[in-house]
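Chemist: File name target16.txt; file contents compact mmCIF, C-alpha atoms; full text below.
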```
# COMPACT_ATOMS: atom_id res chain seq x y z
CA MET I 15 26.55 -10.61 -5.14
CA PRO I 16 24.57 -13.29 -3.30
CA LEU I 17 21.73 -14.87 -5.26
CA ASN I 18 18.22 -13.87 -4.27
CA GLU I 19 15.83 -16.42 -2.89
CA LEU I 20 12.08 -16.76 -3.19
CA HIS I 21 9.73 -17.06 -0.23
CA PRO I 22 6.35 -17.91 -1.72
CA GLU I 23 4.77 -18.40 1.68
CA GLN I 24 5.34 -14.70 2.39
CA TRP I 25 4.33 -13.31 -0.99
CA VAL I 26 0.85 -12.22 0.01
CA GLN I 27 2.07 -10.51 3.14
CA ASN I 28 5.02 -8.81 1.48
CA HIS I 29 3.99 -8.00 -2.05
CA ALA I 30 0.23 -8.34 -2.60
CA ASP I 31 -0.71 -4.74 -1.79
CA TYR I 32 2.17 -3.32 -3.79
CA LEU I 33 1.29 -5.31 -6.88
CA TYR I 34 -2.40 -4.59 -6.34
CA ASN I 35 -1.86 -0.83 -6.31
CA TYR I 36 0.20 -0.98 -9.46
CA THR I 37 -2.52 -3.02 -11.14
CA ILE I 38 -5.52 -1.06 -10.00
CA VAL I 39 -4.47 2.19 -11.65
CA ARG I 40 -4.04 0.23 -14.87
CA VAL I 41 -7.25 -1.75 -14.98
CA ASN I 42 -9.48 0.58 -12.97
CA ASP I 43 -11.42 -2.23 -11.35
CA GLU I 44 -10.80 -3.69 -7.91
CA GLU I 45 -12.00 -7.19 -8.66
CA ILE I 46 -10.08 -7.53 -11.89
CA ALA I 47 -6.98 -6.19 -10.17
CA GLN I 48 -7.34 -8.79 -7.45
CA ASP I 49 -7.73 -11.55 -10.02
CA ILE I 50 -4.64 -10.39 -11.87
CA VAL I 51 -2.58 -10.38 -8.67
CA GLN I 52 -3.82 -13.88 -7.91
CA ASP I 53 -2.95 -15.06 -11.43
CA THR I 54 0.47 -13.52 -11.04
CA PHE I 55 1.19 -15.42 -7.86
CA LEU I 56 -0.01 -18.69 -9.36
CA ALA I 57 2.03 -18.21 -12.51
CA ALA I 58 5.04 -17.30 -10.38
CA LEU I 59 4.67 -20.49 -8.35
CA LYS I 60 4.84 -22.51 -11.54
CA ALA I 61 7.83 -20.49 -12.72
CA ILE I 62 9.87 -20.93 -9.55
CA PRO I 63 12.25 -23.46 -11.18
CA ASN I 64 13.11 -20.82 -13.80
CA PHE I 65 14.06 -18.21 -11.22
CA LYS I 66 17.79 -17.65 -11.51
CA GLY I 67 18.17 -15.50 -8.43
CA GLU I 68 19.51 -12.53 -10.33
CA ALA I 69 16.59 -10.21 -9.68
CA ALA I 70 15.03 -9.28 -6.36
CA GLU I 71 11.89 -11.20 -5.52
CA ARG I 72 9.62 -8.22 -6.01
CA THR I 73 11.19 -7.25 -9.32
CA TRP I 74 10.70 -10.77 -10.57
CA LEU I 75 7.05 -10.88 -9.48
CA PHE I 76 6.61 -7.47 -11.04
CA SER I 77 7.77 -8.64 -14.44
CA ILE I 78 5.22 -11.45 -14.32
CA LEU I 79 2.53 -9.01 -13.23
CA LYS I 80 3.22 -6.73 -16.18
CA ARG I 81 2.77 -9.68 -18.57
CA LYS I 82 -0.50 -10.54 -16.86
CA ILE I 83 -1.83 -7.01 -17.26
CA ILE I 84 -0.97 -7.05 -20.95
CA ASP I 85 -2.65 -10.45 -21.27
CA HIS I 86 -5.73 -9.00 -19.61
CA TYR I 87 -6.01 -6.27 -22.22
CA ARG I 88 -5.36 -8.68 -25.06
CA LYS I 89 -8.18 -10.81 -23.75
CA ILE I 90 -10.77 -8.05 -23.41
CA ASN I 91 -9.78 -6.59 -26.74
CA SER I 92 -10.32 -9.88 -28.51
CA ASN I 93 -13.56 -10.45 -26.56
CA LYS I 94 -15.03 -7.19 -27.63
CA ALA I 95 -13.52 -7.43 -31.10
CA LYS I 96 -11.91 -4.03 -31.31
CA ALA I 97 -14.28 -2.43 -28.86
CA GLU I 98 -14.89 1.27 -28.44
CA VAL I 99 -12.34 1.44 -25.67
CA ARG I 100 -9.09 1.61 -27.52
CA MET I 101 -6.35 0.68 -25.14
CA GLN I 102 -3.12 0.76 -27.05
CA LEU I 103 -0.20 -0.93 -25.50
CA SER I 104 3.10 -0.12 -27.04
CA THR I 105 5.13 -3.02 -28.28
CA ASP I 106 8.23 -3.00 -26.16
CA ASP I 107 7.64 -2.63 -22.44
CA GLY I 108 3.91 -2.43 -21.97
CA GLU I 109 3.73 1.27 -21.19
CA GLU I 110 0.38 2.78 -22.01
CA SER I 111 0.07 5.26 -24.82
CA SER I 112 -0.54 8.91 -24.03
CA ASN I 113 -4.05 8.52 -25.39
CA TRP I 114 -5.17 6.44 -22.53
CA ILE I 115 -3.56 8.63 -19.93
CA ASP I 116 -5.26 11.67 -21.36
CA GLU I 117 -8.64 9.96 -21.33
CA ARG I 118 -8.29 9.07 -17.72
CA ALA I 119 -6.95 12.48 -16.89
CA GLU I 120 -10.16 14.04 -18.01
CA GLU I 121 -12.16 11.81 -15.74
CA ASP I 122 -10.31 12.83 -12.63
CA GLY I 123 -9.85 16.46 -13.49
CA LEU I 124 -6.13 15.98 -13.03
CA ASN I 125 -3.51 16.18 -15.71
CA ALA I 126 -1.39 13.24 -16.74
CA ASP I 127 1.59 14.40 -14.71
CA GLU I 128 -0.41 14.61 -11.53
CA ILE I 129 -1.85 11.17 -12.07
CA MET I 130 1.59 9.72 -12.65
CA GLU I 131 2.89 11.46 -9.57
CA ASN I 132 0.05 10.21 -7.41
CA GLU I 133 0.62 6.70 -8.64
CA GLU I 134 4.32 6.88 -7.86
CA LEU I 135 3.46 8.27 -4.45
CA GLY I 136 1.15 5.31 -3.89
CA LEU I 137 3.92 2.88 -4.72
CA ALA I 138 6.34 4.78 -2.49
CA ILE I 139 3.86 4.51 0.37
CA GLN I 140 3.48 0.80 -0.27
CA SER I 141 7.19 0.15 -0.29
CA CYS I 142 7.62 2.13 2.93
CA LEU I 143 4.77 0.12 4.43
CA SER I 144 6.51 -3.12 3.62
CA LYS I 145 9.60 -1.94 5.48
CA LEU I 146 7.62 -1.61 8.72
CA PRO I 147 7.35 -4.47 11.20
CA LYS I 148 4.48 -6.74 10.09
CA LYS I 149 2.16 -6.00 12.98
CA GLN I 150 2.50 -2.25 12.47
CA ALA I 151 1.90 -2.51 8.76
CA GLN I 152 -1.15 -4.69 9.29
CA VAL I 153 -2.79 -2.43 11.89
CA PHE I 154 -1.96 0.71 9.94
CA THR I 155 -3.37 -0.71 6.72
CA MET I 156 -6.59 -1.81 8.39
CA LYS I 157 -7.05 1.52 10.12
CA THR I 158 -5.94 3.95 7.44
CA ILE I 159 -6.37 2.30 4.08
CA GLU I 160 -9.28 -0.04 4.72
CA GLY I 161 -10.73 2.63 7.00
CA LEU I 162 -12.01 0.21 9.64
CA ASP I 163 -13.26 1.34 13.07
CA THR I 164 -10.91 1.22 16.01
CA GLU I 165 -13.34 -1.15 17.71
CA THR I 166 -13.52 -3.55 14.77
CA ILE I 167 -9.74 -3.81 14.55
CA CYS I 168 -9.39 -4.28 18.30
CA ASN I 169 -11.90 -7.13 18.21
CA GLU I 170 -10.36 -8.78 15.20
CA LEU I 171 -6.77 -8.60 16.43
CA ASN I 172 -7.66 -9.00 20.09
CA MET I 173 -6.01 -5.86 21.43
CA THR I 174 -6.96 -2.86 23.55
CA SER I 175 -7.54 0.50 21.95
CA SER I 176 -4.57 2.08 23.71
CA ASN I 177 -2.48 -0.77 22.36
CA LEU I 178 -3.78 0.00 18.90
CA TRP I 179 -2.88 3.68 19.14
CA VAL I 180 0.64 2.86 20.26
CA ILE I 181 1.08 0.65 17.19
CA ILE I 182 -0.51 3.27 14.93
CA HIS I 183 1.80 5.89 16.37
CA ARG I 184 4.91 3.83 15.69
CA ALA I 185 3.71 2.99 12.21
CA ARG I 186 2.95 6.61 11.35
CA LYS I 187 6.29 7.71 12.68
CA GLY I 188 8.15 5.08 10.69
CA LEU I 189 6.18 5.81 7.56
CA ALA I 190 6.57 9.56 7.83
CA ASP I 191 10.33 9.20 8.25
CA CYS I 192 10.57 6.75 5.36
CA LEU I 193 8.53 8.98 3.06
CA GLN I 194 10.52 12.00 4.11
CA GLU I 195 13.63 10.14 3.05
CA ASN I 196 12.28 8.70 -0.19
CA TRP I 197 9.62 11.06 -1.40
CA PHE I 198 9.41 14.57 0.03
CA LYS I 199 13.12 15.09 -0.41
CA ASN I 200 12.87 14.86 -4.19
CA MET N 20 10.63 15.88 35.90
CA LYS N 21 12.02 14.82 32.58
CA ASN N 22 9.76 11.79 32.55
CA SER N 23 6.61 13.77 33.03
CA PHE N 24 7.69 16.11 30.25
CA LEU N 25 8.17 13.17 27.92
CA SER N 26 4.81 11.71 28.73
CA ILE N 27 3.07 15.02 27.96
CA CYS N 28 4.66 14.98 24.52
CA GLU N 29 3.77 11.35 24.03
CA LYS N 30 0.19 11.98 25.02
CA ASN N 31 0.00 14.81 22.55
CA CYS N 32 1.45 12.68 19.81
CA TYR N 33 -1.33 10.17 20.36
CA ILE N 34 -3.91 12.93 20.22
CA CYS N 35 -2.28 14.10 17.01
CA ASP N 36 -2.59 10.57 15.59
CA GLN N 37 -6.21 10.33 16.67
CA SER N 38 -7.04 13.67 15.12
CA GLN N 39 -5.74 12.32 11.78
CA TYR N 40 -8.65 9.87 11.94
CA GLN N 41 -11.10 12.45 13.29
CA GLU N 42 -11.19 10.56 16.54
CA ALA N 43 -9.78 13.17 18.93
CA SER N 44 -12.19 14.96 21.25
CA PHE N 45 -12.56 18.72 21.13
CA THR N 46 -10.85 19.32 24.48
CA ASP N 47 -7.97 17.07 23.43
CA LYS N 48 -7.51 19.05 20.25
CA VAL N 49 -7.44 22.33 22.17
CA LYS N 50 -4.84 20.88 24.52
CA LEU N 51 -2.79 19.66 21.57
CA ASN N 52 -2.85 23.02 19.85
CA ILE N 53 -1.76 24.84 23.00
CA HIS N 54 1.06 22.33 23.41
CA LEU N 55 2.13 22.81 19.79
CA LEU N 56 2.63 26.51 20.44
CA PHE N 57 5.70 25.89 22.54
CA CYS N 58 6.89 22.38 21.70
CA LYS N 59 9.07 22.24 18.63
CA SER N 60 9.42 18.48 18.37
CA CYS N 61 5.67 17.87 18.61
CA LYS N 62 5.07 20.58 16.08
CA GLU N 63 7.45 18.83 13.71
CA TYR N 64 5.72 15.51 14.32
CA SER N 65 2.34 17.08 13.75
CA ARG N 66 3.53 18.56 10.46
CA LYS N 67 4.89 15.23 9.24
CA ASN N 68 1.78 13.42 10.40
CA THR N 69 -0.53 15.74 8.50
CA ALA N 70 1.66 15.44 5.41
CA LEU N 71 1.40 11.65 5.68
CA THR N 72 -2.41 11.78 5.86
CA GLN N 73 -2.53 14.04 2.84
CA ALA N 74 -0.10 11.86 0.91
CA ILE N 75 -2.22 8.79 1.55
CA LYS N 76 -5.39 10.60 0.55
CA LYS N 77 -3.81 12.00 -2.59
CA SER N 78 -2.27 8.73 -3.74
CA LYS N 79 -5.61 6.90 -3.31
CA VAL N 80 -3.61 3.97 -2.12
CA LYS N 81 -5.74 0.83 -1.81
CA CYS N 82 -5.27 -2.60 -0.31
CA ILE N 83 -6.59 -6.08 -0.60
CA CYS N 84 -8.70 -6.62 2.49
CA ASN N 85 -7.59 -9.14 5.07
CA LYS N 86 -10.18 -11.79 4.20
CA GLU N 87 -9.17 -11.78 0.54
CA LYS N 88 -5.52 -11.96 1.51
CA GLN N 89 -6.16 -15.01 3.65
CA LYS N 90 -8.00 -16.66 0.76
CA LEU N 91 -5.11 -15.86 -1.56
CA GLN N 92 -2.61 -17.16 0.97
CA SER N 93 -4.44 -20.45 1.43
CA LEU N 94 -4.65 -20.84 -2.34
CA ILE N 95 -0.90 -20.40 -2.60
CA ASP N 96 -0.31 -22.75 0.32
CA THR N 97 -2.31 -25.52 -1.34
CA GLU N 98 -0.45 -24.95 -4.60
CA ILE N 99 2.87 -25.24 -2.80
CA GLN N 100 1.73 -28.45 -1.11
CA ASN N 101 0.50 -29.91 -4.39
CA ALA N 102 3.78 -29.10 -6.05
CA GLY N 103 5.64 -30.64 -3.13
CA SER N 104 3.63 -33.85 -3.14
CA SER N 105 3.83 -34.36 -6.90
CA LYS N 106 7.60 -34.38 -6.84
```
In structure tokens, what does this structure look like?
Modeler:
Amino acid sequence: MPLNELHPEQWVQNHADYLYNYTIVRVNDEEIAQDIVQDTFLAALKAIPNFKGEAAERTWLFSILKRKIIDHYRKINSNKAKAEVRMQLSTDDGEESSNWIDERAEEDGLNADEIMENEELGLAIQSCLSKLPKKQAQVFTMKTIEGLDTETICNELNMTSSNLWVIIHRARKGLADCLQENWFKN
Amino acid sequence: MKNSFLSICEKNCYICDQSQYQEASFTDKVKLNIHLLFCKSCKEYSRKNTALTQAIKKSKVKCICNKEKQKLQSLIDTEIQNAGSSK
């Protein structure tokens, strides 16, 4: 098997949203999630010499991210000195205890299974998005996930609206097919 | 003849996309729905497209906005340069 290589100059483009979505459901705060993703990238840069090329780039970044999320909870727990919010992280792989999931489940009115499923769906969408050509992924993300106006996107990316809809159409088609393959089938 | 048939389907696909963002006009939507009555492939596309919209809504997928990404990217770029120059 060929060894994997790292491309730090493409990390933001390729992995930021994926890591961000994984983080946000765990810390429940957009700013903190963004900080954690940033920390992850910086720590990863420093750790590049230790990368052996055995894991895929994303898997490797992911393992650093998980550490960073655990660190985050250690930090707030020590700050608040055993605060009311009891986030228990199990010892081995950083999976949250059922306690926490149940608490959050009550907030959303969804049960733990549904929350887990929605999160997995989110990650599936992200990984399908990263398989699309970059332009398509960018326009689709701005339009659908950021929810920007057609006009705003056209101005920012310097394109006509019919151009934008062509790109959106291709992106939606690609995504729908990819999700069909990876998600709806199961 | 075949070309004009294709372009009708294509047009309707775009309307279908636009309606996912509530940006299709009423007359367009009527046209689309009439077309869907007899066009199997567009109907299939429309079904997938709606499923995609629902999946995105349900998953509450979020993203880092472009400005923040650029900031992050420039931060990484400077780090890479620093590392390169210190060697």
Chemist: Counting all atoms listed in the file, which residues of segment 23-82 of chain N sit at most 12 Å from some atom of segment 39-48 of chain I, and what is each one's closest atom pair with its distance in Å to one decimal, listed by chain and rising residue number, as a tab-separated table?
Modeler:
```
residue	atom	partner	partner_atom	distance
N:Ser78	CA	I:Val39	CA	10.5
N:Lys79	CA	I:Val39	CA	9.6
N:Val80	CA	I:Val39	CA	9.7
N:Lys81	CA	I:Glu44	CA	9.1
N:Cys82	CA	I:Glu44	CA	9.5
```
Chemist: Pick from N:Gln100, N:Gln73, N:Thr46, N:Asn68: nearest to Ala185 of chain I, with only C-alpha atoms counted?
Modeler: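 Closest residue, counting only C-alpha atoms: N:Asn68.
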Chemist: Please list as a count of residues only every residue within 9 Å of Ala58 of chain I, counting only C-alpha atoms and excluding residues in the same chain fewer than 5 positions away.
Modeler: 5
Chemist: For a quick check of understanding, using only C-alpha atoms, which of N:Lys88, N:Ala74, N:Ile83, N:Cys58 has the smallest distance to Ile27 of chain N?
Modeler: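 That would be N:Cys58, the residue with the smallest distance to Ile27 of chain N.
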Chemist: Could you jot down the atom CA of Asp49 of chain I to atom CA of Glu98 of chain N separation for me, Å, one decimal place?
Modeler: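 It comes out at 16.2 Å.
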Chemist: Can you work out the spacing between atom CA of Tyr34 of chain I and atom CA of Val51 of chain I in Å, to one decimal?
Modeler: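 Taking atom CA of Tyr34 of chain I and atom CA of Val51 of chain I, their separation equals 6.2 Å.
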Chemist: To one decimal place in Å, what is the distance between atom CA of Ala43 of chain N and atom CA of Leu171 of chain I?
Modeler: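 So the two atoms, atom CA of Ala43 of chain N and atom CA of Leu171 of chain I, lie 22.1 Å apart.
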Chemist: Which protein, DNA or RNA residues are at most 6 Å from (0.4, 1.7, 13.9) in the file's coordinates when you count all atoms listed in the file, listed as a PDB file with C-alpha atoms, in the frame of the given file?
Modeler:
```pdb
ATOM      1  CA  GLN I 150       2.500  -2.250  12.470  1.00  0.00           C
ATOM      2  CA  VAL I 153      -2.790  -2.430  11.890  1.00  0.00           C
ATOM      3  CA  PHE I 154      -1.960   0.710   9.940  1.00  0.00           C
ATOM      4  CA  ILE I 181       1.080   0.650  17.190  1.00  0.00           C
ATOM      5  CA  ILE I 182      -0.510   3.270  14.930  1.00  0.00           C
ATOM      6  CA  HIS I 183       1.800   5.890  16.370  1.00  0.00           C
ATOM      7  CA  ARG I 184       4.910   3.830  15.690  1.00  0.00           C
ATOM      8  CA  ALA I 185       3.710   2.990  12.210  1.00  0.00           C
TER       9      ALA I 185
END
```
Chemist: Determine which residues of chain N sit within 10 Å of chain I, taking into account only C-alpha atoms, and present them as an MDAnalysis selection string.
Modeler: chainID N and resid 29 32:37 39:40 42 64 66:72 74:85 87:96 98:99 102
Chemist: Counting all atoms listed in the file, which residue out of I:Leu143, I:Thr54, I:Ala61, I:Lys66 sits closest to Arg81 of chain I?
Modeler: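 Result for the nearest residue to Arg81 of chain I: I:Thr54.
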Chemist: Fewer than 3 positions away in the same chain doesn't count, so skip those; otherwise give me all residues within 8 Å of Glu165 of chain I, counting all atoms listed in the file, as a ChimeraX atom specification.
Modeler: /I:168-169,175
Chemist: Under the rule that only C-alpha atoms are counted, which of I:Ile84, I:Ala70, I:Ile167, I:Ala57 is the nearest residue to Glu19 of chain I?
Modeler: I:Ala70
